[in-house]
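S.K.: The structure file my_file_36.txt (compact mmCIF, C-alpha atoms) is provided below.
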# COMPACT_ATOMS: atom_id res chain seq x y z
CA MET A 928 120.03 125.25 102.67
CA LYS A 929 119.45 125.21 106.41
CA ILE A 930 120.08 122.29 108.78
CA LEU A 931 117.56 122.50 111.62
CA SER A 932 118.60 121.94 115.21
CA ASN A 933 115.20 120.53 116.22
CA THR A 934 114.71 117.11 114.61
CA SER A 935 111.12 116.49 115.73
CA LEU A 936 108.83 115.70 112.79
CA LYS A 937 105.67 116.69 114.64
CA PRO A 938 105.31 120.09 112.88
CA TYR A 939 105.97 118.62 109.46
CA HIS A 940 103.14 116.14 108.93
CA THR A 941 99.42 116.59 109.34
CA PHE A 942 98.93 113.69 111.74
CA GLY A 943 101.24 115.50 114.16
CA ILE A 944 102.79 112.39 115.70
CA ASP A 945 105.86 113.27 117.74
CA VAL A 946 108.62 111.25 116.09
CA SER A 947 112.05 112.42 114.96
CA ALA A 948 114.48 112.23 112.06
CA ASN A 949 118.23 111.98 112.32
CA THR A 950 118.51 115.25 110.38
CA ILE A 951 116.04 117.79 108.97
CA ILE A 952 117.20 120.16 106.23
CA GLU A 953 115.35 122.98 104.49
CA ALA A 954 116.13 123.23 100.75
CA TYR A 955 115.64 126.61 99.09
CA SER A 956 116.78 125.79 95.54
CA ALA A 957 117.48 122.99 93.12
CA SER A 958 121.16 123.47 93.96
CA ASP A 959 120.38 122.80 97.63
CA PHE A 960 118.70 119.51 96.74
CA LYS A 961 121.65 118.55 94.57
CA GLN A 962 124.11 119.34 97.37
CA ILE A 963 122.12 117.39 99.94
CA TRP A 964 122.04 114.30 97.71
CA GLN A 965 125.81 114.57 97.31
CA ASP A 966 126.58 115.21 100.99
CA TYR A 967 124.28 112.44 102.25
CA ALA A 968 124.73 109.98 99.40
CA SER A 969 124.65 106.86 101.56
CA VAL A 970 121.88 108.03 103.92
CA PRO A 971 118.14 107.41 103.44
CA LYS A 972 116.42 110.62 102.37
CA LEU A 973 112.78 111.65 102.34
CA ILE A 974 111.37 114.80 100.72
CA VAL A 975 108.52 116.35 102.69
CA GLY A 976 106.27 119.14 101.55
CA GLU A 977 103.56 119.60 104.15
CA GLY A 978 103.38 115.95 105.16
CA SER A 979 99.71 115.45 104.28
CA ASN A 980 100.44 112.08 102.64
CA LEU A 981 102.62 110.73 105.44
CA LEU A 982 102.03 108.79 108.63
CA PHE A 983 105.18 108.46 110.72
CA CYS A 984 104.82 105.58 113.15
CA GLU A 985 108.44 105.63 114.32
CA ASP A 986 111.59 107.71 114.08
CA PHE A 987 113.08 108.15 110.61
CA ALA A 988 116.70 107.00 110.48
CA GLY A 989 117.79 109.37 107.78
CA VAL A 990 117.51 112.89 106.37
CA VAL A 991 114.16 114.61 105.91
CA VAL A 992 114.40 117.36 103.31
CA LEU A 993 111.79 120.12 103.45
CA ASN A 994 110.96 121.73 100.09
CA ARG A 995 111.16 125.50 100.62
CA ILE A 996 111.64 126.68 97.02
CA LYS A 997 109.42 129.75 96.61
CA GLY A 998 108.27 132.06 93.85
CA ILE A 999 105.42 132.75 91.42
CA GLU A 1000 106.00 134.25 87.98
CA VAL A 1001 103.22 135.23 85.58
CA GLU A 1002 103.34 135.87 81.85
CA GLU A 1003 100.23 137.08 80.07
CA THR A 1004 99.16 136.44 76.49
CA ALA A 1005 95.97 137.39 74.70
CA SER A 1006 94.34 134.10 75.63
CA HIS A 1007 96.06 132.81 78.79
CA TRP A 1008 97.88 133.51 82.00
CA HIS A 1009 101.04 131.39 82.12
CA LEU A 1010 102.21 130.71 85.67
CA HIS A 1011 105.62 129.39 86.67
CA VAL A 1012 105.27 128.29 90.29
CA ALA A 1013 108.05 127.00 92.54
CA GLY A 1014 107.54 123.58 94.06
CA GLY A 1015 107.64 124.80 97.66
CA GLU A 1016 104.62 127.08 97.35
CA ASN A 1017 101.52 126.06 99.28
CA TRP A 1018 98.92 124.71 96.85
CA HIS A 1019 95.82 126.18 98.49
CA GLU A 1020 97.44 129.59 98.89
CA LEU A 1021 98.33 129.50 95.18
CA VAL A 1022 94.68 128.79 94.34
CA ARG A 1023 93.56 131.64 96.61
CA TRP A 1024 96.13 133.97 95.03
CA THR A 1025 95.00 133.22 91.49
CA VAL A 1026 91.35 133.80 92.38
CA GLU A 1027 92.17 137.08 94.13
CA HIS A 1028 94.12 138.23 91.07
CA GLY A 1029 91.34 137.40 88.64
CA MET A 1030 92.99 134.31 87.19
CA ALA A 1031 90.31 131.64 87.15
CA GLY A 1032 90.78 127.94 86.54
CA LEU A 1033 92.11 126.44 89.77
CA GLU A 1034 89.20 127.29 92.09
CA ASN A 1035 87.81 123.73 92.14
CA LEU A 1036 91.13 122.57 93.61
CA ALA A 1037 90.91 124.76 96.72
CA LEU A 1038 91.88 123.41 100.14
CA ILE A 1039 93.76 120.40 98.81
CA PRO A 1040 96.63 120.03 101.28
CA GLY A 1041 100.23 119.98 100.19
CA LEU A 1042 102.68 121.91 98.05
CA VAL A 1043 102.71 122.77 94.36
CA GLY A 1044 105.54 120.31 93.79
CA SER A 1045 103.35 117.47 95.02
CA ALA A 1046 100.40 118.28 92.76
CA PRO A 1047 101.68 116.64 89.53
CA ILE A 1048 102.89 113.51 91.35
CA GLN A 1049 99.39 112.60 92.42
CA ASN A 1050 97.71 114.49 89.58
CA ILE A 1051 95.48 116.03 92.23
CA GLY A 1052 91.85 116.56 91.38
CA ALA A 1053 88.56 117.59 92.93
CA TYR A 1054 85.05 118.61 91.91
CA GLY A 1055 85.48 117.85 88.23
CA VAL A 1056 88.96 119.32 87.65
CA GLU A 1057 92.40 117.66 87.60
CA VAL A 1058 95.73 119.45 87.66
CA ASN A 1059 96.84 117.89 84.36
CA GLU A 1060 94.10 119.94 82.65
CA ARG A 1061 95.92 123.12 83.71
CA CYS A 1062 99.52 121.84 83.59
CA ASP A 1063 101.85 123.02 80.83
CA TYR A 1064 105.14 121.58 82.08
CA VAL A 1065 107.00 120.29 85.12
CA ASP A 1066 110.61 121.25 85.90
CA VAL A 1067 112.46 118.42 87.62
CA LEU A 1068 115.92 117.90 89.06
CA MET A 1069 117.21 114.59 87.75
CA LEU A 1070 119.19 113.13 90.64
CA GLU A 1071 121.37 110.92 88.46
CA THR A 1072 122.70 113.80 86.35
CA GLY A 1073 122.14 116.76 88.69
CA LYS A 1074 120.46 118.69 85.87
CA VAL A 1075 117.09 120.44 85.87
CA VAL A 1076 115.03 119.45 82.84
CA ARG A 1077 111.63 120.55 81.64
CA MET A 1078 109.05 117.85 81.01
CA GLU A 1079 106.06 118.85 78.91
CA ALA A 1080 102.68 117.78 80.27
CA GLY A 1081 102.40 115.03 77.68
CA GLU A 1082 105.63 113.47 78.97
CA CYS A 1083 104.33 113.24 82.53
CA GLU A 1084 101.99 110.33 81.73
CA PHE A 1085 99.16 111.73 83.82
CA GLY A 1086 96.36 109.39 84.82
CA TYR A 1087 93.76 109.22 87.52
CA ARG A 1088 95.77 110.18 90.65
CA ASP A 1089 98.82 108.96 88.79
CA SER A 1090 101.86 110.17 86.89
CA ILE A 1091 105.34 109.13 85.80
CA PHE A 1092 106.60 110.63 89.07
CA LYS A 1093 104.90 107.85 91.03
CA ARG A 1094 106.41 105.18 88.81
CA GLU A 1095 109.47 105.41 86.54
CA LEU A 1096 110.79 108.63 88.12
CA LYS A 1097 109.98 107.78 91.72
CA GLU A 1098 113.02 108.65 93.88
CA LYS A 1099 114.86 109.66 90.68
CA ALA A 1100 113.54 113.17 90.16
CA ILE A 1101 112.55 116.12 92.36
CA ILE A 1102 109.91 118.57 91.15
CA VAL A 1103 111.26 122.10 91.53
CA ALA A 1104 108.59 124.04 89.60
CA VAL A 1105 105.31 123.62 87.74
CA GLY A 1106 104.01 125.55 84.74
CA LEU A 1107 100.27 126.21 84.65
CA ASN A 1108 98.08 127.61 81.88
CA LEU A 1109 94.90 129.40 82.89
CA PRO A 1110 92.62 130.42 79.99
CA LYS A 1111 91.17 133.91 80.11
CA VAL A 1112 87.86 132.66 78.79
CA TRP A 1113 86.56 131.04 81.96
CA VAL A 1114 84.23 128.06 81.80
CA PRO A 1115 83.03 127.20 85.32
CA VAL A 1116 82.97 123.54 86.29
CA THR A 1117 79.93 123.16 88.54
CA GLY A 1118 78.49 119.78 87.66
CA TYR A 1119 79.87 117.97 90.69
CA GLY A 1120 77.58 117.44 93.69
CA ALA A 1121 76.78 120.50 95.75
CA LEU A 1122 78.54 122.80 93.27
CA ALA A 1123 75.46 122.48 91.07
CA ASP A 1124 73.70 124.83 93.50
CA LEU A 1125 75.87 127.63 92.13
CA ASN A 1126 74.20 127.40 88.73
CA ALA A 1127 71.29 129.35 90.17
CA LEU A 1128 73.48 132.43 90.56
CA SER A 1129 72.92 135.06 87.88
CA GLU A 1130 76.57 136.16 87.80
CA LEU A 1131 78.73 133.24 88.86
CA THR A 1132 82.40 134.01 89.57
CA ALA A 1133 85.50 131.95 90.27
CA LYS A 1134 85.41 133.35 93.81
CA ASP A 1135 81.94 131.87 94.27
CA VAL A 1136 83.24 128.44 93.24
CA PHE A 1137 86.34 128.81 95.42
CA GLU A 1138 84.31 129.71 98.50
CA LYS A 1139 81.80 126.91 97.89
CA VAL A 1140 84.55 124.30 97.52
CA CYS A 1141 86.14 125.55 100.76
CA GLU A 1142 82.78 125.37 102.52
CA ILE A 1143 82.14 121.80 101.35
CA ARG A 1144 85.61 120.58 102.28
CA GLN A 1145 85.53 122.22 105.71
CA GLU A 1146 82.19 120.58 106.43
CA LYS A 1147 83.46 117.14 105.45
CA LEU A 1148 86.99 117.16 106.88
CA PRO A 1149 88.39 118.08 110.30
CA ASP A 1150 90.98 120.83 110.59
CA PRO A 1151 94.37 119.02 110.75
CA ALA A 1152 95.56 121.71 113.17
CA LEU A 1153 92.97 120.37 115.63
CA VAL A 1154 92.60 116.70 114.66
CA GLY A 1155 95.43 114.89 112.89
CA ASN A 1156 94.37 113.67 109.46
CA ALA A 1157 95.53 113.41 105.85
CA GLY A 1158 92.54 115.02 104.21
CA SER A 1159 90.44 113.03 101.79
CA PHE A 1160 92.16 110.29 99.83
CA SER A 1161 90.91 107.38 97.77
CA LYS A 1162 91.51 105.72 94.45
CA THR A 1163 89.20 103.44 92.54
CA ARG A 1164 89.47 101.87 89.13
CA SER A 1165 86.58 101.11 86.84
Turn this file's structure into structure tokens for me.

M.R.:
Amino acid sequence: MKILSNTSLKPYHTFGIDVSANTIIEAYSASDFKQIWQDYASVPKLIVGEGSNLLFCEDFAGVVVLNRIKGIEVEETASHWHLHVAGGENWHELVRWTVEHGMAGLENLALIPGLVGSAPIQNIGAYGVEVNERCDYVDVLMLETGKVVRMEAGECEFGYRDSIFKRELKEKAIIVAVGLNLPKVWVPVTGYGALADLNALSELTAKDVFEKVCEIRQEKLPDPALVGNAGSFSKTRS
């Protein structure tokens, strides 16, 4: 782990408001998270990925923990690519990486801000695809026991922008890795809005979908590096 000397939170959330935390710590492993929760047991703690779901209006009187667990592992079977992705990896860069390496299936989820560890919490989705459709398992550090356990996708209680991590396991578990299954037989999802234009292409590829999703999102949303924002967020119930 690394305790940072600069406690300004401005670089760590997409609204870029210049507030501070008492302490900011980078965690590079599940063991780091465990140690931090032991060392700062009586202090308020907040895990931050890329801060796209946060709006700090005042200083945070506690410890902000930055998820910096990295790594991507791939196992290949006859039918699937099985990815084991650390929670601190950038989500969009993961999507880009899979497309560049010929592993289709995540392209509709391009340019969603945040880290891989945040994706199951919200069950992120866009343009007809949700992460639970690609999720195999979630590895979590249980704060009460200090043990890392693997939760199969069916145990995560995924719903529309919802999961067990927003409810029963909120503030009780930290996502350290996510397992993703990408089928080798690719079925493009292009029925949503402007993506339907791609159906006119004679040889549609995952890269085509990826680039179109990026184009649409960049047209709709300002660059958070220029204008503070949290991307697109909404939730409705039928």

S.K.: Counting all atoms listed in the file, what is within 8 Å of Asn1126 (chain A), bar same-chain residues fewer than 4 positions away, as a list in words?

M.R.: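 Within the cut-off, the hits are Thr1117, Leu1122 and Leu1131 of chain A.
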
S.K.: Name the residues in contact with Ala1133 (chain A) at a cut-off of 12 Å, using only C-alpha atoms, excluding same-chain residues fewer than 2 positions from it; report them as a VMD selection string.

M.R.: chain A and resid 1022 to 1037 1111 to 1117 1122 1125 1130 to 1131 1135 to 1140

S.K.: If you take all atoms listed in the file and a cut-off of 6 Å, which residues of region 945-977 of chain A touch region 988-997 of chain A, and what are their nearest atom pairs and distances in Å to one decimal, in chain and number order, as a Markdown table?

M.R.:
| residue | atom | partner | partner_atom | distance |
| --- | --- | --- | --- | --- |
| A:Ala948 | CA | A:Ala988 | CA | 5.9 |
| A:Asn949 | CA | A:Gly989 | CA | 5.3 |
| A:Thr950 | CA | A:Val990 | CA | 4.8 |
| A:Ile951 | CA | A:Val991 | CA | 4.8 |
| A:Ile952 | CA | A:Val992 | CA | 4.9 |
| A:Glu953 | CA | A:Leu993 | CA | 4.7 |
| A:Ala954 | CA | A:Asn994 | CA | 5.4 |
| A:Tyr955 | CA | A:Ile996 | CA | 4.5 |
| A:Ser956 | CA | A:Ile996 | CA | 5.4 |
| A:Val970 | CA | A:Gly989 | CA | 5.8 |
| A:Pro971 | CA | A:Gly989 | CA | 4.8 |
| A:Lys972 | CA | A:Val990 | CA | 4.7 |
| A:Leu973 | CA | A:Val991 | CA | 4.8 |
| A:Ile974 | CA | A:Val992 | CA | 4.7 |
| A:Val975 | CA | A:Leu993 | CA | 5.0 |
| A:Gly976 | CA | A:Asn994 | CA | 5.6 |

S.K.: Counting all atoms listed in the file, figure out which residue out of A:Leu1109, A:Ile1091, A:Ile1101, A:Tyr1064 gets nearest to Met1078 (chain A).

M.R.: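 Answer, going by the shortest atom-to-atom distance: A:Tyr1064.
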
S.K.: Extending 4 Å beyond the listed atoms of region 1049-1060 of chain A on each side, what axis-aligned box results? I want centre and edge lengths in Å to one decimal, as lines of an AutoDock Vina configuration file.

M.R.:
center_x = 92.2
center_y = 116.3
center_z = 87.8
size_x = 22.3
size_y = 15.3
size_z = 18.3

S.K.: If you measure from CA of Asn1050 (chain A) to CA of Leu1107 (chain A), what distance in Å do you get, rounded to one decimal?

M.R.: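 Value for the CA of Asn1050 (chain A)-CA of Leu1107 (chain A) distance: 13.0 Å.
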
S.K.: Go through A:Tyr1119, A:Thr1004, A:Ser1090, A:Gly1014 one by one, measure the shortest atom-to-atom distance of each to Val1056 (chain A) using all atoms listed in the file, and give the residue with the smallest value.

M.R.: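 Closest residue, counting all atoms listed in the file: A:Tyr1119.
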
S.K.: Tell me, in Å to one decimal, how far CA of Arg1061 (chain A) is from CA of Gly1015 (chain A).

M.R.: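 So the answer is 18.3 Å.
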
S.K.: For each of A:Gln965, A:His940, A:Phe1092, A:Val1105, take the minimum atom-to-atom distance to Glu1079 (chain A), counting all atoms listed in the file, then give the residue where this is smallest.

M.R.: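 Closest to Glu1079 (chain A) of all the choices is A:Val1105.
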
S.K.: Expressed in Å to a single decimal, how great is the separation between CA of Ser932 (chain A) and CA of Asn980 (chain A)?

M.R.: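 So the two atoms, CA of Ser932 (chain A) and CA of Asn980 (chain A), lie 24.2 Å apart.
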
S.K.: Can you tell me, as a VMD selection string, what residues are no more than 8 Å from Leu1038 (chain A) when counting only C-alpha atoms, ignoring any on the same chain fewer than 3 positions away?

M.R.: chain A and resid 1018 to 1019 1140 to 1141 1144

S.K.: So which one's closest to Ile1039 (chain A), A:Thr941, A:Asn1108, A:Ser979, A:Thr1072? Using only C-alpha atoms, please.

M.R.: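 Nearest candidate to Ile1039 (chain A) out of A:Thr941, A:Asn1108, A:Ser979, A:Thr1072: A:Ser979.
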
S.K.: Could you give me, as a count of residues only, the residues that have an atom at most 8 Å away from the point (112.3, 119.8, 92.4) in the coordinates of the file, using all atoms listed in the file?

M.R.: 12

S.K.: Distance cut-off 7 Å, centre (105.2, 133.5, 83.9) in file coordinates, counting all atoms listed in the file: which residues qualify? Return them as a PyMOL selection string.

M.R.: chain A and resi 1000-1002+1009-1011
